[in-house]
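Everything below belongs to target_27.cif, which stores mmCIF, C-alpha atoms.
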data_data
loop_
_atom_site.label_atom_id
_atom_site.label_comp_id
_atom_site.auth_asym_id
_atom_site.auth_seq_id
_atom_site.Cartn_x
_atom_site.Cartn_y
_atom_site.Cartn_z
CA MET T 271 5.97 12.86 23.90
CA THR T 272 7.44 12.97 20.42
CA ALA T 273 6.28 11.65 17.07
CA ALA T 274 7.56 8.30 15.84
CA THR T 275 10.19 7.97 13.16
CA ALA T 276 9.45 6.22 9.88
CA SER T 277 9.34 2.44 9.98
CA LYS T 278 9.93 -0.21 7.33
CA ARG T 279 7.29 -0.12 4.61
CA VAL T 280 4.51 -2.67 5.10
CA THR T 281 4.52 -5.29 2.33
CA LEU T 282 1.92 -7.58 0.81
CA ASP T 283 3.25 -10.54 2.77
CA ASP T 284 2.78 -8.65 6.03
CA LEU T 285 -0.99 -8.62 5.49
CA GLU T 286 -3.40 -11.36 6.58
CA LEU T 287 -5.24 -11.97 3.29
CA SER T 288 -7.41 -14.62 1.68
CA PRO T 289 -6.09 -16.05 -1.61
CA GLY T 290 -8.44 -13.90 -3.70
CA LYS T 291 -7.37 -10.68 -1.99
CA TYR T 292 -3.72 -11.68 -2.22
CA VAL T 293 -3.90 -12.32 -5.97
CA ARG T 294 -5.69 -9.05 -6.72
CA LEU T 295 -3.38 -6.95 -4.56
CA GLN T 296 -0.40 -8.69 -6.08
CA ARG T 297 -1.50 -7.42 -9.51
CA LEU T 298 -1.81 -3.87 -8.18
CA LEU T 299 1.51 -3.94 -6.33
CA TYR T 300 3.68 -5.98 -8.69
CA GLY T 301 1.95 -6.55 -12.00
CA TYR T 302 1.31 -2.95 -13.06
CA GLY T 303 2.61 0.54 -12.37
CA PRO T 304 5.93 1.09 -10.61
CA GLY T 305 5.78 -2.48 -9.24
CA ASN T 306 8.13 -3.93 -6.63
CA GLY T 307 5.42 -3.76 -3.98
CA THR T 308 4.42 -0.14 -4.59
CA MET T 309 1.19 1.29 -5.91
CA MET T 310 0.22 4.43 -7.81
CA LEU T 311 -3.52 4.94 -8.39
CA LEU T 312 -5.29 7.49 -10.57
CA PRO T 313 -8.57 8.38 -8.80
CA VAL T 314 -11.21 10.16 -10.86
CA ASP T 315 -14.42 10.16 -8.86
CA HIS T 316 -14.44 13.94 -8.96
CA GLY T 317 -17.35 14.28 -11.40
CA MET T 318 -19.66 13.14 -8.62
CA GLU T 319 -17.80 14.61 -5.65
CA HIS T 320 -17.17 18.09 -7.11
CA GLY T 321 -19.09 18.24 -10.38
CA PRO T 322 -17.82 19.05 -13.90
CA VAL T 323 -15.94 22.09 -12.55
CA ASP T 324 -12.93 19.89 -11.78
CA PHE T 325 -12.47 19.36 -15.51
CA PHE T 326 -12.56 23.04 -16.50
CA ASP T 327 -8.76 23.40 -16.32
CA ASN T 328 -8.35 20.53 -18.78
CA PRO T 329 -11.64 20.00 -20.65
CA ASP T 330 -10.30 16.88 -22.39
CA ALA T 331 -10.34 15.07 -19.04
CA LEU T 332 -14.14 15.31 -18.86
CA ASP T 333 -14.20 12.33 -21.24
CA PRO T 334 -13.50 9.19 -19.14
CA ASP T 335 -11.69 7.71 -22.14
CA TYR T 336 -9.01 10.37 -21.55
CA ILE T 337 -8.62 9.10 -17.99
CA TRP T 338 -8.19 5.50 -19.10
CA ARG T 339 -5.56 6.52 -21.65
CA LEU T 340 -3.73 8.55 -19.01
CA ALA T 341 -3.77 5.57 -16.66
CA VAL T 342 -2.37 3.24 -19.32
CA GLU T 343 0.21 5.56 -20.86
CA GLY T 344 1.23 6.98 -17.50
CA GLY T 345 1.91 3.51 -16.14
CA PHE T 346 -0.46 3.66 -13.18
CA SER T 347 -1.07 0.62 -11.01
CA GLY T 348 -4.81 1.17 -11.36
CA VAL T 349 -7.59 3.68 -11.95
CA ALA T 350 -10.35 4.36 -9.39
CA LEU T 351 -13.76 5.27 -10.79
CA GLN T 352 -17.43 5.20 -9.94
CA TYR T 353 -19.31 2.15 -11.21
CA GLY T 354 -21.01 3.90 -14.13
CA ASN T 355 -17.78 5.14 -15.68
CA ALA T 356 -16.18 1.74 -15.23
CA LEU T 357 -19.14 0.01 -16.86
CA LYS T 358 -19.33 2.38 -19.83
CA TYR T 359 -15.68 3.09 -20.61
CA MET T 360 -13.47 0.25 -19.38
CA ARG T 361 -13.86 -2.37 -22.12
CA PRO T 362 -11.17 -1.05 -24.55
CA TYR T 363 -8.68 -0.95 -21.67
CA ALA T 364 -9.55 -4.22 -19.93
CA GLY T 365 -6.38 -6.09 -19.04
CA ARG T 366 -4.19 -3.05 -19.67
CA VAL T 367 -4.63 -1.40 -16.28
CA PRO T 368 -6.43 -2.63 -13.12
CA LEU T 369 -9.72 -1.14 -11.96
CA VAL T 370 -10.77 0.05 -8.51
CA VAL T 371 -14.53 0.64 -8.20
CA LYS T 372 -15.63 3.33 -5.73
CA LEU T 373 -18.71 1.99 -3.97
CA ASN T 374 -19.93 5.19 -2.39
CA GLY T 375 -19.94 8.90 -3.11
CA LYS T 376 -21.85 12.14 -2.73
CA THR T 377 -22.24 15.52 -4.36
CA ASN T 378 -20.84 18.66 -2.74
CA ILE T 379 -24.23 20.39 -2.70
CA PRO T 380 -25.39 19.62 0.88
CA PRO T 381 -23.37 21.20 3.72
CA ASP T 382 -20.54 19.18 5.25
CA ASP T 383 -21.57 19.71 8.87
CA ASP T 384 -22.66 16.07 9.24
CA PRO T 385 -21.52 14.36 6.05
CA ILE T 386 -21.93 10.79 4.85
CA ASN T 387 -21.16 9.11 1.55
CA PRO T 388 -24.07 6.85 0.56
CA LEU T 389 -23.45 3.51 -1.12
CA ASN T 390 -24.30 3.43 -4.82
CA ALA T 391 -22.67 0.13 -5.86
CA THR T 392 -21.83 -3.25 -4.37
CA VAL T 393 -18.81 -5.51 -4.20
CA GLU T 394 -20.69 -7.85 -6.52
CA ASP T 395 -20.97 -4.99 -9.05
CA ALA T 396 -17.20 -4.56 -8.82
CA VAL T 397 -16.62 -8.26 -9.44
CA ARG T 398 -18.93 -8.12 -12.45
CA VAL T 399 -16.89 -5.40 -14.16
CA GLY T 400 -13.54 -7.04 -13.40
CA ALA T 401 -12.26 -4.87 -10.55
CA ASP T 402 -9.13 -5.72 -8.57
CA ALA T 403 -10.21 -3.69 -5.53
CA VAL T 404 -13.06 -1.59 -4.17
CA GLY T 405 -12.86 1.87 -2.67
CA TYR T 406 -14.95 3.28 0.18
CA THR T 407 -14.89 6.79 1.63
CA LEU T 408 -15.40 6.87 5.39
CA TYR T 409 -15.99 10.20 7.13
CA MET T 410 -14.43 9.69 10.54
CA GLY T 411 -15.75 12.12 13.13
CA SER T 412 -19.01 12.97 11.39
CA SER T 413 -22.15 12.83 13.52
CA ARG T 414 -23.30 10.15 11.09
CA GLN T 415 -20.27 7.92 11.47
CA ASP T 416 -22.44 5.23 13.10
CA GLU T 417 -24.24 4.83 9.75
CA ASP T 418 -20.91 4.99 7.95
CA PHE T 419 -19.44 2.22 10.11
CA ALA T 420 -22.48 0.01 9.45
CA HIS T 421 -22.20 0.53 5.69
CA TRP T 422 -18.48 -0.24 5.85
CA ARG T 423 -19.17 -3.43 7.80
CA GLN T 424 -21.37 -4.70 4.96
CA VAL T 425 -18.75 -3.76 2.37
CA ARG T 426 -16.01 -5.48 4.38
CA GLN T 427 -18.08 -8.65 4.76
CA ASP T 428 -18.92 -8.77 1.05
CA ALA T 429 -15.28 -8.10 0.16
CA GLU T 430 -14.17 -11.03 2.30
CA ARG T 431 -16.75 -13.25 0.65
CA PHE T 432 -15.63 -12.31 -2.87
CA GLY T 433 -11.90 -12.09 -2.13
CA MET T 434 -11.84 -8.38 -3.02
CA PRO T 435 -9.27 -5.99 -1.46
CA THR T 436 -10.66 -2.87 0.23
CA ILE T 437 -9.20 0.63 -0.04
CA MET T 438 -10.54 3.11 2.50
CA TRP T 439 -10.50 6.82 1.76
CA ALA T 440 -10.10 7.72 5.47
CA TYR T 441 -11.30 11.31 5.67
CA PRO T 442 -11.78 13.18 8.95
CA ARG T 443 -14.86 15.37 8.43
CA GLY T 444 -17.68 17.23 10.11
CA GLN T 445 -18.26 20.03 12.56
CA HIS T 446 -16.87 18.07 15.51
CA MET T 447 -13.60 17.46 13.70
CA GLU T 448 -13.30 21.12 12.76
CA ALA T 449 -13.72 21.99 16.45
CA LYS T 450 -10.74 19.76 17.31
CA GLY T 451 -8.14 21.27 15.03
CA GLY T 452 -9.51 20.56 11.57
CA ARG T 453 -9.62 17.66 9.16
CA ASP T 454 -5.97 17.92 8.07
CA SER T 455 -4.43 18.25 11.52
CA PHE T 456 -1.87 15.77 12.82
CA TYR T 457 -4.48 14.53 15.32
CA ALA T 458 -7.10 13.98 12.62
CA ILE T 459 -4.86 12.21 10.10
CA ASP T 460 -3.20 10.02 12.73
CA TYR T 461 -6.61 9.02 14.11
CA ALA T 462 -8.02 8.32 10.62
CA ALA T 463 -5.10 6.03 9.77
CA ARG T 464 -5.69 4.05 12.95
CA VAL T 465 -9.44 3.80 12.36
CA ALA T 466 -8.77 2.26 8.92
CA CYS T 467 -6.60 -0.39 10.59
CA GLU T 468 -9.14 -1.04 13.35
CA LEU T 469 -11.99 -1.42 10.83
CA GLY T 470 -10.08 -3.93 8.70
CA ALA T 471 -9.16 -1.96 5.58
CA ASP T 472 -6.46 -3.55 3.43
CA VAL T 473 -5.26 -0.19 2.07
CA VAL T 474 -5.89 3.33 3.36
CA LYS T 475 -5.70 6.67 1.60
CA ILE T 476 -4.70 9.56 3.87
CA ASN T 477 -3.69 13.16 3.43
CA VAL T 478 -0.38 14.66 4.50
CA PRO T 479 -0.96 16.40 7.86
CA LYS T 480 -0.84 20.19 7.86
CA ILE T 481 0.95 21.74 10.80
CA ASP T 482 -0.89 24.86 12.00
CA PRO T 483 0.23 25.87 15.52
CA GLU T 484 -2.91 27.90 16.23
CA LYS T 485 -5.43 25.31 15.04
CA ASP T 486 -3.42 22.47 16.56
CA LYS T 487 -4.04 23.96 20.01
CA LEU T 488 -7.66 22.83 19.59
CA SER T 489 -6.65 19.18 19.23
CA PRO T 490 -6.96 16.85 22.24
CA ALA T 491 -3.92 16.24 24.42
CA PRO T 492 -1.14 15.42 23.81
CA TYR T 493 -1.47 16.47 20.17
CA ASN T 494 -2.16 20.07 21.21
CA THR T 495 1.35 20.44 22.63
CA MET T 496 3.40 18.21 20.35
CA GLN T 497 6.06 19.91 18.25
CA VAL T 498 6.33 17.89 15.04
CA THR T 499 7.30 18.48 11.44
CA PRO T 500 5.12 17.29 8.54
CA ASP T 501 7.64 14.46 8.01
CA GLU T 502 7.30 13.29 11.61
CA ALA T 503 3.51 13.63 11.62
CA LEU T 504 3.11 11.57 8.45
CA ALA T 505 5.55 8.91 9.66
CA LYS T 506 3.49 8.58 12.86
CA ALA T 507 0.27 8.22 10.86
CA VAL T 508 1.80 5.50 8.68
CA GLN T 509 2.80 3.64 11.84
CA SER T 510 -0.70 4.06 13.26
CA ALA T 511 -2.09 2.33 10.16
CA GLY T 512 -0.36 -0.86 11.29
CA LYS T 513 -0.72 -3.75 8.83
CA THR T 514 -2.59 -1.57 6.36
CA LEU T 515 -0.92 -0.34 3.20
CA VAL T 516 -0.87 3.47 3.10
CA LEU T 517 -1.41 5.59 -0.01
CA ILE T 518 -0.68 9.31 0.13
CA SER T 519 -3.33 11.60 -1.35
CA GLY T 520 -2.37 14.36 -3.75
CA SER T 521 -5.48 16.41 -2.83
CA SER T 522 -6.11 19.55 -4.90
CA ARG T 523 -3.84 20.60 -7.76
CA ALA T 524 -0.54 22.12 -6.68
CA SER T 525 2.71 23.13 -8.33
CA ASP T 526 5.06 20.39 -9.51
CA GLU T 527 7.35 21.14 -6.59
CA GLU T 528 4.55 20.92 -4.01
CA ALA T 529 3.12 17.71 -5.51
CA LEU T 530 6.51 16.02 -5.58
CA GLU T 531 7.21 17.15 -2.02
CA LYS T 532 4.07 15.32 -0.88
CA ALA T 533 5.25 12.26 -2.76
CA ARG T 534 8.69 12.54 -1.15
CA LEU T 535 7.16 12.79 2.31
CA GLY T 536 5.13 9.67 1.63
CA VAL T 537 8.12 7.64 0.48
CA GLN T 538 10.18 8.79 3.46
CA ALA T 539 7.35 7.92 5.87
CA GLY T 540 7.12 4.34 4.60
CA ALA T 541 3.91 4.62 2.55
CA ALA T 542 3.22 2.00 -0.13
CA GLY T 543 2.50 4.63 -2.77
CA PHE T 544 0.40 7.50 -4.01
CA ILE T 545 -3.14 8.21 -5.13
CA PHE T 546 -2.96 11.44 -7.15
CA GLY T 547 -5.90 12.58 -9.28
CA ARG T 548 -6.31 16.31 -9.90
CA ASN T 549 -2.56 16.84 -9.89
CA CYS T 550 -2.41 14.56 -12.92
CA PHE T 551 -5.58 14.97 -14.98
CA GLN T 552 -5.99 18.72 -14.52
CA ARG T 553 -2.61 19.32 -16.16
CA PRO T 554 -2.16 19.34 -19.95
CA TRP T 555 -1.36 15.85 -21.24
CA ASP T 556 2.43 16.21 -21.53
CA GLU T 557 2.75 17.99 -18.19
CA GLY T 558 0.62 15.37 -16.44
CA LEU T 559 2.69 12.53 -17.88
CA ALA T 560 5.93 14.22 -16.82
CA LEU T 561 4.72 14.51 -13.22
CA VAL T 562 3.55 10.90 -13.25
CA GLN T 563 6.93 9.73 -14.50
CA ALA T 564 8.71 11.61 -11.73
CA MET T 565 6.49 9.94 -9.13
CA ARG T 566 7.00 6.51 -10.71
CA ASP T 567 10.75 7.00 -10.58
CA MET T 568 10.52 7.99 -6.92
CA LEU T 569 8.60 4.84 -6.00
CA ARG T 570 10.91 2.59 -8.01
CA ALA T 571 13.95 4.07 -6.29
CA ALA T 572 12.34 3.62 -2.88
CA ALA T 573 11.46 -0.01 -3.62
CA ALA T 574 15.03 -0.71 -4.74
CA ASP T 575 16.55 0.53 -1.47
#
Write-out of the structure in structure tokens:
Amino acid sequence: MTAATASKRVTLDDLELSPGKYVRLQRLLYGYGPGNGTMMLLPVDHGMEHGPVDFFDNPDALDPDYIWRLAVEGGFSGVALQYGNALKYMRPYAGRVPLVVKLNGKTNIPPDDDPINPLNATVEDAVRVGADAVGYTLYMGSSRQDEDFAHWRQVRQDAERFGMPTIMWAYPRGQHMEAKGGRDSFYAIDYAARVACELGADVVKINVPKIDPEKDKLSPAPYNTMQVTPDEALAKAVQSAGKTLVLISGSSRASDEEALEKARLGVQAGAAGFIFGRNCFQRPWDEGLALVQAMRDMLRAAAAD
């Protein structure tokens, strides 16, 4: 068995959407950012997920106003924030860049053996502050995924009722996932992409799979014997997402070359775009904008092909 090759990028018109969802996603994909059916989001939910330490490299970014300015001047399709930061800091930027409200989140203080991200906001909250989409982190593989699925079901139902697009942060996590090759394995990422499709997400955020021959032996068959490159593994995951738009995660800060390589892999695999946070806001202002521009150019070129 071999990994699939990249397929044609899924478009807005490929999705089965209500009018409200269609209009909001159209703004994200065509009205802002690189446009032409692509999306580039700036996620900054790190203050909750990791604490203030993620802003030590660039202290200016601790101020959410800095994030909004970066989103506007960098030409992002949208900015993803927790409800409190959206409520307190969005008003001066309303109408200048779309908002994605993260509905759940956790701190990194408890151990991640059996993780779950509790809900702290509702779809109605997101509507109230003018969001164009909601974000939800789902920990696939955690012992508590039954609770996670139930919380997601409520979010999905509310999103349908309000015509609000859903973006799933599909993250393999927990001790059981680590025992099967790890959260960034080909098996884990491919499975997470499919779960997002099966659960009805409109957009899914996934990581680029990491190929580790020793750890991959722990994955279930046939993944434990498949010989694939990162390009092939990511292309297969994008296909597994079906009629779900895929955004490639930037994960932790890397060199310009490494960050752009992830972006290149995503474009080649048929992803709809990127969701890069730390790689942008942890850099000094000028360096962050330069990286953003390079990614925008990459998406525009891909959309023009």
* To do: Name the residues within 8 Å of (-3.9, 8.8, 9.3), counting all atoms listed in the file in the file's coordinates, and put them as a ChimeraX atom specification.
  => /T:440,458-464,476-477,504,507-508,510-511
With a cut-off of 7 Å, could you pull out the residues of segment 395-475 of chain T touching segment 285-298 of chain T and give me the nearest pair of atoms for each, distance in Å to one decimal, using all atoms listed in the file, ordered by chain and ascending number, as a tab-separated table?
residue	atom	partner	partner_atom	distance
T:Asp402	CA	T:Arg294	CA	5.1
T:Gly433	CA	T:Gly290	CA	4.2
T:Met434	CA	T:Lys291	CA	5.1
T:Pro435	CA	T:Lys291	CA	5.1
* To do: Taking the file as shown, find all residues satisfying the PyMOL selection byres ((chain T and resi 395) around 12) and write them as a ChimeraX atom specification.
  => /T:352-354,356-357,370-373,389-394,396-404,425,428-429,432,434
* **Nearby residues (only C-alpha atoms) at most 9 Å from segment 553-561 of chain T, same-chain spacing under 3 positions excluded, as JSON, numbers by chain** => {"T": [327, 328, 330, 340, 343, 344, 523, 526, 529, 530, 548, 549, 550, 564, 565, 566]}
Those selected residues, please, written with C-alpha atoms and delivered as a PDB file, in the coordinates of the input.
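And here's result_23.pdb as it stands now:
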ATOM      1  CA  ASP T 327      -8.760  23.400 -16.320  1.00  0.00           C
ATOM      2  CA  ASN T 328      -8.350  20.530 -18.780  1.00  0.00           C
ATOM      3  CA  ASP T 330     -10.300  16.880 -22.390  1.00  0.00           C
ATOM      4  CA  LEU T 340      -3.730   8.550 -19.010  1.00  0.00           C
ATOM      5  CA  GLU T 343       0.210   5.560 -20.860  1.00  0.00           C
ATOM      6  CA  GLY T 344       1.230   6.980 -17.500  1.00  0.00           C
ATOM      7  CA  ARG T 523      -3.840  20.600  -7.760  1.00  0.00           C
ATOM      8  CA  ASP T 526       5.060  20.390  -9.510  1.00  0.00           C
ATOM      9  CA  ALA T 529       3.120  17.710  -5.510  1.00  0.00           C
ATOM     10  CA  LEU T 530       6.510  16.020  -5.580  1.00  0.00           C
ATOM     11  CA  ARG T 548      -6.310  16.310  -9.900  1.00  0.00           C
ATOM     12  CA  ASN T 549      -2.560  16.840  -9.890  1.00  0.00           C
ATOM     13  CA  CYS T 550      -2.410  14.560 -12.920  1.00  0.00           C
ATOM     14  CA  ALA T 564       8.710  11.610 -11.730  1.00  0.00           C
ATOM     15  CA  MET T 565       6.490   9.940  -9.130  1.00  0.00           C
ATOM     16  CA  ARG T 566       7.000   6.510 -10.710  1.00  0.00           C
TER      17      ARG T 566
END
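The point (-5.1, 23.3, 18.0) has these residues within 10 Å of it, counting all atoms listed in the file: Glu448, Ala449, Lys450, Gly451, Gly452, Ser455, Phe456, Tyr457, Ile481, Asp482, Pro483, Glu484, Lys485, Asp486, Lys487, Leu488, Ser489, Pro490, Ala491, Tyr493, Asn494 and Thr495 of chain T.
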* In Å, with one decimal, what is the gap from atom CA of Asp324 of chain T to atom CA of Ala524 of chain T? -> 13.6 Å
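Closest to Val516 of chain T among T:Lys358, T:Glu531, T:Ala539, T:Asp501 is T:Ala539, based on only C-alpha atoms.
Nearest residue to Arg423 of chain T among T:Trp439, T:Trp338, T:Tyr406, T:Tyr363 is T:Tyr406, counting all atoms listed in the file.
Our summary of the geometry notes that atom CA of Asp333 of chain T is positioned 22.7 Å from atom CA of Ser519 of chain T.
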* Shell around Asp383 of chain T at 7 Å using only C-alpha atoms, local window under 2 positions removed, as a PyMOL selection string -> chain T and resi 381+385+444-445
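The residues returned by the PyMOL selection byres ((chain T and resi 500) around 8) on the shown structure are Val478, Pro479, Lys480, Ile481, Val498, Thr499, Asp501, Glu502, Ala503, Leu504 and Leu535 of chain T.
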Let me have the centre and edge lengths in Å, one decimal, of the box along x, y and z around every listed atom of segment 399-416 of chain T with 8 Å of margin on each side, as AutoDock Vina command-line options.
--center_x -16.2 --center_y 3.0 --center_z -0.3 --size_x 30.2 --size_y 36.0 --size_z 43.7
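Between Val342 of chain T and the candidates T:Lys506, T:Cys467, T:Gly321, T:Val562, the tightest atom-to-atom separation, counting only C-alpha atoms, involves T:Val562.
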* Asked: Excluding same-chain residues fewer than 4 positions from Asp335 of chain T, what lies within 9 Å of it counting all atoms listed in the file, as a ChimeraX atom specification?
  -> /T:331,339-340,359-360
* Asked: Near segment 299-310 of chain T, counting all atoms listed in the file, which residues have an atom at most 7 Å away, once you skip same-chain residues fewer than 3 positions from it, shown as number ranges by chain?
  -> T: 281, 295-296, 345-348, 367, 542-545, 566, 569-570, 573
Once you have the residues from the selection above, write them out as a PDB file, keeping the file's coordinate frame, restricted to C-alpha atoms.
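That gives us again36.pdb:
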ATOM      1  CA  THR T 281       4.520  -5.290   2.330  1.00  0.00           C
ATOM      2  CA  LEU T 295      -3.380  -6.950  -4.560  1.00  0.00           C
ATOM      3  CA  GLN T 296      -0.400  -8.690  -6.080  1.00  0.00           C
ATOM      4  CA  GLY T 345       1.910   3.510 -16.140  1.00  0.00           C
ATOM      5  CA  PHE T 346      -0.460   3.660 -13.180  1.00  0.00           C
ATOM      6  CA  SER T 347      -1.070   0.620 -11.010  1.00  0.00           C
ATOM      7  CA  GLY T 348      -4.810   1.170 -11.360  1.00  0.00           C
ATOM      8  CA  VAL T 367      -4.630  -1.400 -16.280  1.00  0.00           C
ATOM      9  CA  ALA T 542       3.220   2.000  -0.130  1.00  0.00           C
ATOM     10  CA  GLY T 543       2.500   4.630  -2.770  1.00  0.00           C
ATOM     11  CA  PHE T 544       0.400   7.500  -4.010  1.00  0.00           C
ATOM     12  CA  ILE T 545      -3.140   8.210  -5.130  1.00  0.00           C
ATOM     13  CA  ARG T 566       7.000   6.510 -10.710  1.00  0.00           C
ATOM     14  CA  LEU T 569       8.600   4.840  -6.000  1.00  0.00           C
ATOM     15  CA  ARG T 570      10.910   2.590  -8.010  1.00  0.00           C
ATOM     16  CA  ALA T 573      11.460  -0.010  -3.620  1.00  0.00           C
TER      17      ALA T 573
END
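In this comparison, which uses only C-alpha atoms, the residue of T:Ser412, T:Met568, T:Thr436, T:Phe551 approaching Leu312 of chain T most closely is T:Phe551.
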* **Nearest candidate to Asp382 of chain T (options T:Phe546, T:Tyr336, T:Phe419, T:Tyr409; using all atoms listed in the file)** => T:Tyr409
